[in-house]
Amino acid sequence: MRPIRLDMSGFTVFRDDTTVDFTDADYFALVGPTGSGKSTVLDAITFALYGTVPRWGGARGIANALAPSAAEARVRLVFESAGDRYVATRVVRRDGRGNVKTAGAGLQLMPPGFDVTKLDTGMDLDDLGEVLAGTPAEMDDAILGAVGLPYEQFTSCVVLPQGQFADFLHAKPATRQQILVNLLGLHVYEEVQQRAVVRERTATDKLSVIDQQLAGLADATEEAVEAAAGHLTRMRELTAAVEESVPGLRAARTAEADAAGRRDALDQELRALSGIRMPDGSAEIAGATAAARASATEATDEVRAAEEREDKVRGELAAAGDAGSLRLTLDRHAELDRLTEQEEWFAGEVQVAEVEFKDAQAAAELTHSAHLGATQLLEQARLDYTEAQRIDRAAALRAHLAAGDHCPVCEQTVTTVPPLPAGSAVREAEATGKAARAAAEVAESAWKQRDAVARKLEGNLERKRAQHEHHVARLGEVRAVVAGSPGVDALKRQLAEIDALQRKLDQSGAAVRTAREAQRRAQASAHQAEERERAAWRTFDGVRDRVARFAPPPADRDDLAAAWATLVDWAGGEHRGRAAARDEAQAAVSAAHEAAVHAYATVEALFTAAGVTPPARRADSGESDLIRAAAVAATTAEAEWRKAVELLERAQELSEQRITLQREGRVAKALAGHLRANNFERWLLEEALDLLVDGASRILRELTGGQYDLIHDKGEFYVIDHHDAGLRRGVRTLSGGETFQASLALALALSEQLAGMSTTAASLESIVLDEGFGTLDAATLDVVAATLENLAARGDRMVGVVTHVNALAERVPVRFEVSKDARSAHVERVGL
């Protein structure tokens with residue numbers, strides 16, 4: 001895996017949008033002060049791929065991905081692996097309750113030649129290439145297929161944790177063994193041993209179940225299958241024999257049915273002929289119908305005469321005049337008399353109202369004049385009060401003036417001071433004013449009361465005048481209406497004549513209704529009589545139709561009784577002739593029945609001979625019952641044979657499964673026993689350590705120009721110094737730079753070992769050392785820098801370091817300077 005470009009937004013300390021471009025950065029350094037966010041860049045790479053970071057303590061620490069007060073974090077990584085280019089994206093959001101969850105995750109295979117600078121244009125995920133994963137759940141398998149390493153191996157091969165491999169170099173043998181178990185995943189063999197135990201136990205349990213099933217299939221033998229096959233053959237032979245015998249039985253039963261049909265047909269004819277009888281009362285029906293028709297005709301004539309009388313009276317009533325108009329004119333005469341009597345009363349009411357209004361108006365005018373006088377006296381009292389106040393103030397000023405003083409009022413020199421008045425006039429003027437105010441209020445109240453009375457009487461006068469004018473107008477209208485009237489007496493006589501004609505018309509209408517009711521009753525009686533006659537003929541026709549196939553004689557349609565007599569005589573003769581033929585038909589039925597019974601017994605004997613109970617005889621038993629019974633017996637035999645075959649096959653299948661389970665149980669038991677031994681794990685760790693040391697020695701020779709080899713003896717690490725005559729030295733005697741070289745060689749060898757153990761094609765195209773170099777002296781630091789340069793010069797992978805040591809960073813061709821302000825961290829690329 002080789003990173004190409006990293007985009008971050010809202011991720012831990014990188015609150016603002018930040019892009020790290022690794023293009024052509026074969027050897028780079030992440031530099032910056034402690035806490036600036038250098039390691040966070042590596043965290044972002046790991047998070048984009050696997051959704052977690054080692055120092056978060058697992059996937060539950062996902063809340064650490066969000067920058068402080070940020071609601072969303074986005075990380076996008078473009079990387080190459082095994083010649084293909086991918087883009088991995090993860091989005092984390094905080095919901096309204098404060099819970100932090102992964103809101104989106106995806107992996108796309110980018111098309112060849114894709115320009116990553118297009119990502120700055122805000123492209124959608126759908127534009128980035130083929131979608132390999134679209135949900136967090138799909139990311140694990142997709143990343144494993146693209147990178148070739150699971151999370152634990154990636155953080156041990158590509159991003160190397162701080163200090164872990166130096167500890168591995170100096171660790172005690174027991175501690176180193178545990179580290180190898182953890183890093184190389186050797187605990188998998190313990191899981192294999194446990195699964196082998198479970199598999200052995202499962203096989204044993206399944207064997208018990210299969211043994212129980214086999215015990216229940218003890219009767220599933222070849223002999224049972226052969227017996228079932230023989231029984232099936234016999235039942236098929238029975239079916240064939242029954243099918244051969246059925247046609248004879250069917251013919252006998254058909255002959256019996258034909259004979260019974262001929263007999264039954266004669267029985268039906270005899271019943272039809274014996275049922276011909278003349279109904280009672282058929283002779284009287286015609287006379288009753290004629291009488292009813294005559295009564296209906298007479299009632300119709302009565303209705304016609306009553307209607308003519310009613311029409312005559314109605315004409316006389318129409319010529320006599322309109323009773324409503326006459327009564328209206330008579331009412332107008334009465335209204336004229338009433339209005340004439342009321343005319344003088346309305347005029348008197350108007351005169352009285354006029355007198356009352358004039359008196360009230362005069363009284364209001366007098367009180368109004370008194371009110372005006374009181375108002376004038378009040379105004380004069382106000383003037384006198386003002387003058388008294390003026391005089392009183394002047395008297396007050398005199399007490400302080402002397403001849404020759406300057407007057408404050410007229411602004412002139414006082415020549416002579418007037419004498420003071422005997423008493424003050426203000427109090428007297430004030431008393432006079434109060435009396436005048438009281439008198440004015442009394443006069444005003446009296447005037448308002450009189451004026452209100454006058455206004456009320458004025459309204460009453462107007463209402464009386466309106467009523468009198470309306471009365472006079474109505475009196476004129478009524479006089480105009482009755483001007484051409486013949487008079488009250490003439491009107492009353494005309495109304496009396498009209499009332500008499502109306503009563504006569506009512507009597508004529510009642511007579512018409514009575515006649516019509518009698519007509520309806522007569523017509524109903526005639527209709528009933530005719531219906532009885534038609535019903536009698538329908539009865540005759542129905543009886544005759546039932547024997548029409550026997551060709552009865554024609555009927556006289558004018559005489560019902562004669563028609564019945566002719567039909568009854570003919571039916572008696574026909575009945576006697578068919579009675580003799582019926583006896584012969586009954587003898588033929590008995591002979592055919594005996595033949596059918598014999599044929600049925602022959603078929604039943606076939607069932608008995610085959611050992612099968614024949615079907616029970618029923619009244620509706622037929623040939624199909626026999627064929628069905630034989631077919632059911634054959635089907636049942638076939639089902640029993642198939643069941644015997646299936647049971648035998650099931651027993652054989654269970655026996656094969658039992659052998660397989662026994663073999664699997666023995667293998668699982670042996671594997672569990674082998675893996676349970678401590679020597680296997682010790683041998684496996686020794687082999688892994690040998691391979692690890694061989695690989696690390698080869699890498700160490702390359703890093704040191706052939707000076708050192710790495711070996712191990714009884715769990716301890718040593719180096720062979722070829723520049724010092726092959727001196728063997730313990731690793732604890734190495735300088736800081738030499739220790740770093742040995743640790744780096746072990747780290748690289750271990751990463752290759754982990755890649756070899758991966759189940760996919762791992763692509764180790766980069767390695768990033770998150771190591772602390774601040775404690776190294778200048779000489780050691782120079783050795784470390786040279787070692788890293790040699791590692792980068794090998795050209796087999798991208799090399800990156802995380803450091804805040806400037807002396808080391810200055811020797812790296814590409815540097816990513818990480819800084820942090822109050823809001824966000826920032827990354828700037830410096831160098832080639």
# chains A, B, ... in the order shown; residues from 1 in each chain; ligands from 1

$ residues_around --residues "Asp337 in chain A" --least-positions-apart "3" --cutoff "10 Å" --atoms "only C-alpha atoms" --output "list in words"
Arg332, His333, Ala334, Thr340, Glu341, Gln342, Leu475, Val478 and Arg479 of chain A

$ residues_around --residues "Arg253 in chain A" --least-positions-apart "4" --cutoff "8 Å" --atoms "only C-alpha atoms" --output "list in words"
Leu249, Ala257, Ala592, His593 and Ala596 of chain A

$ write_last_selection --atoms "all heavy atoms" --output "short mmCIF file (atom, residue, chain, number, x, y, z; two decimals), in the first residue's frame"
data_model
loop_
_atom_site.label_atom_id
_atom_site.label_comp_id
_atom_site.auth_asym_id
_atom_site.auth_seq_id
_atom_site.Cartn_x
_atom_site.Cartn_y
_atom_site.Cartn_z
N LEU A 249 -70.04 -56.97 -16.18
CA LEU A 249 -70.91 -56.46 -15.12
C LEU A 249 -71.65 -55.22 -15.61
O LEU A 249 -72.85 -55.05 -15.34
CB LEU A 249 -70.07 -56.12 -13.88
CG LEU A 249 -70.81 -55.43 -12.72
CD1 LEU A 249 -71.93 -56.33 -12.19
CD2 LEU A 249 -69.83 -55.10 -11.60
N ALA A 257 -80.98 -51.92 -16.10
CA ALA A 257 -81.44 -50.55 -16.07
C ALA A 257 -82.42 -50.27 -17.20
O ALA A 257 -83.42 -49.56 -17.03
CB ALA A 257 -80.25 -49.60 -16.17
N ALA A 592 -83.18 -59.64 -15.41
CA ALA A 592 -81.95 -58.85 -15.61
C ALA A 592 -81.23 -58.60 -14.29
O ALA A 592 -79.99 -58.59 -14.23
CB ALA A 592 -82.29 -57.52 -16.29
N HIS A 593 -81.96 -58.44 -13.21
CA HIS A 593 -81.34 -58.20 -11.90
C HIS A 593 -80.56 -59.43 -11.44
O HIS A 593 -79.45 -59.30 -10.89
CB HIS A 593 -82.43 -57.85 -10.88
CG HIS A 593 -81.89 -57.66 -9.49
ND1 HIS A 593 -81.11 -56.59 -9.13
CD2 HIS A 593 -82.02 -58.43 -8.36
CE1 HIS A 593 -80.77 -56.69 -7.87
NE2 HIS A 593 -81.32 -57.81 -7.37
N ALA A 596 -77.20 -59.45 -13.15
CA ALA A 596 -76.27 -58.43 -12.65
C ALA A 596 -75.68 -58.84 -11.31
O ALA A 596 -74.48 -58.63 -11.05
CB ALA A 596 -77.00 -57.09 -12.53
#

$ closest_residue --among "A:Thr602, A:Glu664, A:Asp724, A:Phe740" --to "Leu207 in chain A" --atoms "only C-alpha atoms"
A:Glu664

$ select_by_dssp --residues "range 92-300 of chain A" --states "strand (DSSP E or B)" --output "MDAnalysis selection string"
chainID A and resid 92:94 100:109 130:133 159:160

$ write_last_selection --atoms "all heavy atoms" --output "short mmCIF file (atom, residue, chain, number, x, y, z; two decimals), in the first residue's frame"
data_model
loop_
_atom_site.label_atom_id
_atom_site.label_comp_id
_atom_site.auth_asym_id
_atom_site.auth_seq_id
_atom_site.Cartn_x
_atom_site.Cartn_y
_atom_site.Cartn_z
N VAL A 92 -17.82 10.65 9.63
CA VAL A 92 -18.31 10.46 11.00
C VAL A 92 -19.14 11.68 11.36
O VAL A 92 -18.75 12.82 11.09
CB VAL A 92 -17.13 10.29 11.99
CG1 VAL A 92 -17.65 10.20 13.42
CG2 VAL A 92 -16.34 9.04 11.63
N ARG A 93 -20.32 11.45 11.98
CA ARG A 93 -21.20 12.56 12.37
C ARG A 93 -21.67 12.39 13.81
O ARG A 93 -21.77 11.27 14.31
CB ARG A 93 -22.42 12.63 11.46
CG ARG A 93 -22.12 13.08 10.04
CD ARG A 93 -23.38 13.50 9.31
NE ARG A 93 -23.11 13.86 7.92
CZ ARG A 93 -23.30 13.07 6.89
NH1 ARG A 93 -23.77 11.86 7.11
NH2 ARG A 93 -23.04 13.47 5.66
N ARG A 94 -21.98 13.51 14.43
CA ARG A 94 -22.57 13.55 15.77
C ARG A 94 -24.03 13.93 15.62
O ARG A 94 -24.35 14.94 15.00
CB ARG A 94 -21.85 14.57 16.66
CG ARG A 94 -22.44 14.65 18.08
CD ARG A 94 -21.78 15.72 18.93
NE ARG A 94 -20.44 15.33 19.36
CZ ARG A 94 -19.33 15.88 18.93
NH1 ARG A 94 -19.39 16.85 18.02
NH2 ARG A 94 -18.15 15.48 19.36
N VAL A 100 -21.90 9.68 18.45
CA VAL A 100 -21.03 9.75 17.28
C VAL A 100 -21.05 8.40 16.57
O VAL A 100 -20.78 7.37 17.20
CB VAL A 100 -19.59 10.15 17.67
CG1 VAL A 100 -18.70 10.20 16.45
CG2 VAL A 100 -19.59 11.49 18.39
N LYS A 101 -21.38 8.42 15.28
CA LYS A 101 -21.46 7.19 14.51
C LYS A 101 -20.88 7.43 13.11
O LYS A 101 -20.81 8.56 12.64
CB LYS A 101 -22.91 6.71 14.38
CG LYS A 101 -23.56 6.33 15.69
CD LYS A 101 -24.98 5.86 15.46
CE LYS A 101 -25.64 5.46 16.78
NZ LYS A 101 -27.03 5.02 16.57
N THR A 102 -20.47 6.32 12.46
CA THR A 102 -20.01 6.40 11.08
C THR A 102 -21.21 6.58 10.17
O THR A 102 -22.09 5.74 10.11
CB THR A 102 -19.24 5.13 10.69
OG1 THR A 102 -18.12 4.97 11.56
CG2 THR A 102 -18.75 5.22 9.25
N ALA A 103 -21.24 7.73 9.48
CA ALA A 103 -22.37 8.04 8.62
C ALA A 103 -22.18 7.54 7.20
O ALA A 103 -23.15 7.42 6.45
CB ALA A 103 -22.62 9.55 8.60
N GLY A 104 -20.95 7.27 6.81
CA GLY A 104 -20.71 6.78 5.45
C GLY A 104 -19.31 6.24 5.30
O GLY A 104 -18.37 6.69 5.95
N ALA A 105 -19.16 5.23 4.43
CA ALA A 105 -17.85 4.64 4.16
C ALA A 105 -17.90 4.04 2.76
O ALA A 105 -18.94 3.52 2.34
CB ALA A 105 -17.49 3.58 5.18
N GLY A 106 -16.79 4.15 2.03
CA GLY A 106 -16.79 3.60 0.68
C GLY A 106 -15.38 3.38 0.16
O GLY A 106 -14.42 4.04 0.59
N LEU A 107 -15.24 2.44 -0.78
CA LEU A 107 -13.97 2.16 -1.44
C LEU A 107 -14.26 2.03 -2.93
O LEU A 107 -15.13 1.26 -3.34
CB LEU A 107 -13.35 0.86 -0.91
CG LEU A 107 -12.01 0.47 -1.56
CD1 LEU A 107 -10.92 1.47 -1.16
CD2 LEU A 107 -11.60 -0.94 -1.14
N GLN A 108 -13.51 2.83 -3.74
CA GLN A 108 -13.66 2.80 -5.18
C GLN A 108 -12.34 2.42 -5.84
O GLN A 108 -11.27 2.85 -5.38
CB GLN A 108 -14.10 4.17 -5.74
CG GLN A 108 -15.58 4.46 -5.56
CD GLN A 108 -15.88 5.00 -4.18
OE1 GLN A 108 -15.02 5.57 -3.54
NE2 GLN A 108 -17.11 4.81 -3.72
N LEU A 109 -12.41 1.63 -6.91
CA LEU A 109 -11.26 1.33 -7.75
C LEU A 109 -11.24 2.38 -8.86
O LEU A 109 -12.13 2.42 -9.72
CB LEU A 109 -11.38 -0.07 -8.35
CG LEU A 109 -10.30 -0.47 -9.36
CD1 LEU A 109 -8.92 -0.45 -8.71
CD2 LEU A 109 -10.61 -1.85 -9.94
N GLU A 130 -15.17 2.43 -10.00
CA GLU A 130 -15.99 1.27 -9.64
C GLU A 130 -16.11 1.17 -8.12
O GLU A 130 -15.12 1.22 -7.40
CB GLU A 130 -15.35 0.00 -10.19
CG GLU A 130 -16.12 -1.27 -9.85
CD GLU A 130 -15.40 -2.51 -10.30
OE1 GLU A 130 -14.34 -2.37 -10.95
OE2 GLU A 130 -15.87 -3.62 -9.98
N VAL A 131 -17.34 1.02 -7.65
CA VAL A 131 -17.60 0.92 -6.22
C VAL A 131 -17.32 -0.50 -5.75
O VAL A 131 -17.96 -1.45 -6.22
CB VAL A 131 -19.05 1.34 -5.89
CG1 VAL A 131 -19.31 1.17 -4.41
CG2 VAL A 131 -19.30 2.78 -6.32
N LEU A 132 -16.36 -0.63 -4.83
CA LEU A 132 -16.06 -1.95 -4.25
C LEU A 132 -16.74 -2.14 -2.90
O LEU A 132 -16.98 -3.27 -2.49
CB LEU A 132 -14.53 -2.09 -4.07
CG LEU A 132 -13.69 -1.92 -5.35
CD1 LEU A 132 -12.23 -2.09 -5.03
CD2 LEU A 132 -14.13 -2.92 -6.42
N ALA A 133 -17.04 -1.04 -2.20
CA ALA A 133 -17.73 -1.10 -0.92
C ALA A 133 -18.49 0.21 -0.76
O ALA A 133 -17.99 1.28 -1.09
CB ALA A 133 -16.76 -1.30 0.25
N VAL A 159 2.59 1.01 9.32
CA VAL A 159 2.74 2.08 10.31
C VAL A 159 3.27 1.43 11.58
O VAL A 159 2.55 0.71 12.27
CB VAL A 159 1.39 2.78 10.56
CG1 VAL A 159 1.56 3.86 11.62
CG2 VAL A 159 0.86 3.38 9.27
N LEU A 160 4.55 1.67 11.90
CA LEU A 160 5.20 0.98 13.02
C LEU A 160 5.01 1.78 14.30
O LEU A 160 5.40 2.95 14.37
CB LEU A 160 6.69 0.79 12.73
CG LEU A 160 7.01 0.06 11.41
CD1 LEU A 160 8.51 -0.13 11.30
CD2 LEU A 160 6.33 -1.28 11.37
#

$ residues_around --residues "Gln741 in chain A" --least-positions-apart "2" --cutoff "9 Å" --atoms "only C-alpha atoms" --output "VMD selection string"
chain A and resid 700 703 to 704 736 to 739 743 to 746 783 to 784 787 to 788

$ decode --residues "range 351-400 of chain A" --atoms "C-alpha atoms" --output "CSV table (one decimal), in the first residue's frame"
chain,number,residue,atom,x,y,z
A,351,GLN,CA,-106.5,68.6,17.5
A,352,VAL,CA,-105.8,67.5,21.0
A,353,ALA,CA,-102.2,66.8,20.2
A,354,GLU,CA,-101.8,70.2,18.5
A,355,VAL,CA,-103.0,72.0,21.6
A,356,GLU,CA,-100.8,70.0,24.0
A,357,PHE,CA,-97.7,70.7,21.8
A,358,LYS,CA,-98.4,74.4,21.6
A,359,ASP,CA,-98.7,74.7,25.4
A,360,ALA,CA,-95.5,72.7,26.0
A,361,GLN,CA,-93.7,74.8,23.4
A,362,ALA,CA,-94.7,78.1,25.0
A,363,ALA,CA,-93.6,76.8,28.5
A,364,ALA,CA,-90.2,75.8,27.0
A,365,GLU,CA,-89.7,79.3,25.5
A,366,LEU,CA,-90.4,80.9,28.9
A,367,THR,CA,-87.9,78.7,30.7
A,368,HIS,CA,-85.4,79.3,27.9
A,369,SER,CA,-85.8,83.1,28.4
A,370,ALA,CA,-85.3,82.7,32.2
A,371,HIS,CA,-82.2,80.6,31.5
A,372,LEU,CA,-80.7,83.3,29.3
A,373,GLY,CA,-81.4,85.9,32.0
A,374,ALA,CA,-79.7,83.8,34.7
A,375,THR,CA,-76.7,83.3,32.4
A,376,GLN,CA,-76.3,87.0,31.9
A,377,LEU,CA,-76.4,87.6,35.7
A,378,LEU,CA,-73.8,84.9,36.2
A,379,GLU,CA,-71.5,86.5,33.6
A,380,GLN,CA,-71.9,89.9,35.3
A,381,ALA,CA,-71.0,88.3,38.7
A,382,ARG,CA,-67.8,87.0,37.1
A,383,LEU,CA,-66.9,90.5,35.9
A,384,ASP,CA,-67.6,92.0,39.3
A,385,TYR,CA,-65.5,89.3,40.9
A,386,THR,CA,-62.6,90.1,38.6
A,387,GLU,CA,-62.9,93.8,39.3
A,388,ALA,CA,-63.0,93.1,43.0
A,389,GLN,CA,-59.8,91.0,42.8
A,390,ARG,CA,-58.1,93.9,40.9
A,391,ILE,CA,-59.1,96.5,43.5
A,392,ASP,CA,-58.1,94.3,46.4
A,393,ARG,CA,-54.6,93.8,44.9
A,394,ALA,CA,-54.2,97.5,44.4
A,395,ALA,CA,-55.1,98.1,48.1
A,396,ALA,CA,-52.5,95.7,49.1
A,397,LEU,CA,-49.8,97.6,47.1
A,398,ARG,CA,-50.8,100.9,48.7
A,399,ALA,CA,-49.7,99.8,52.1
A,400,HIS,CA,-46.1,99.7,50.9
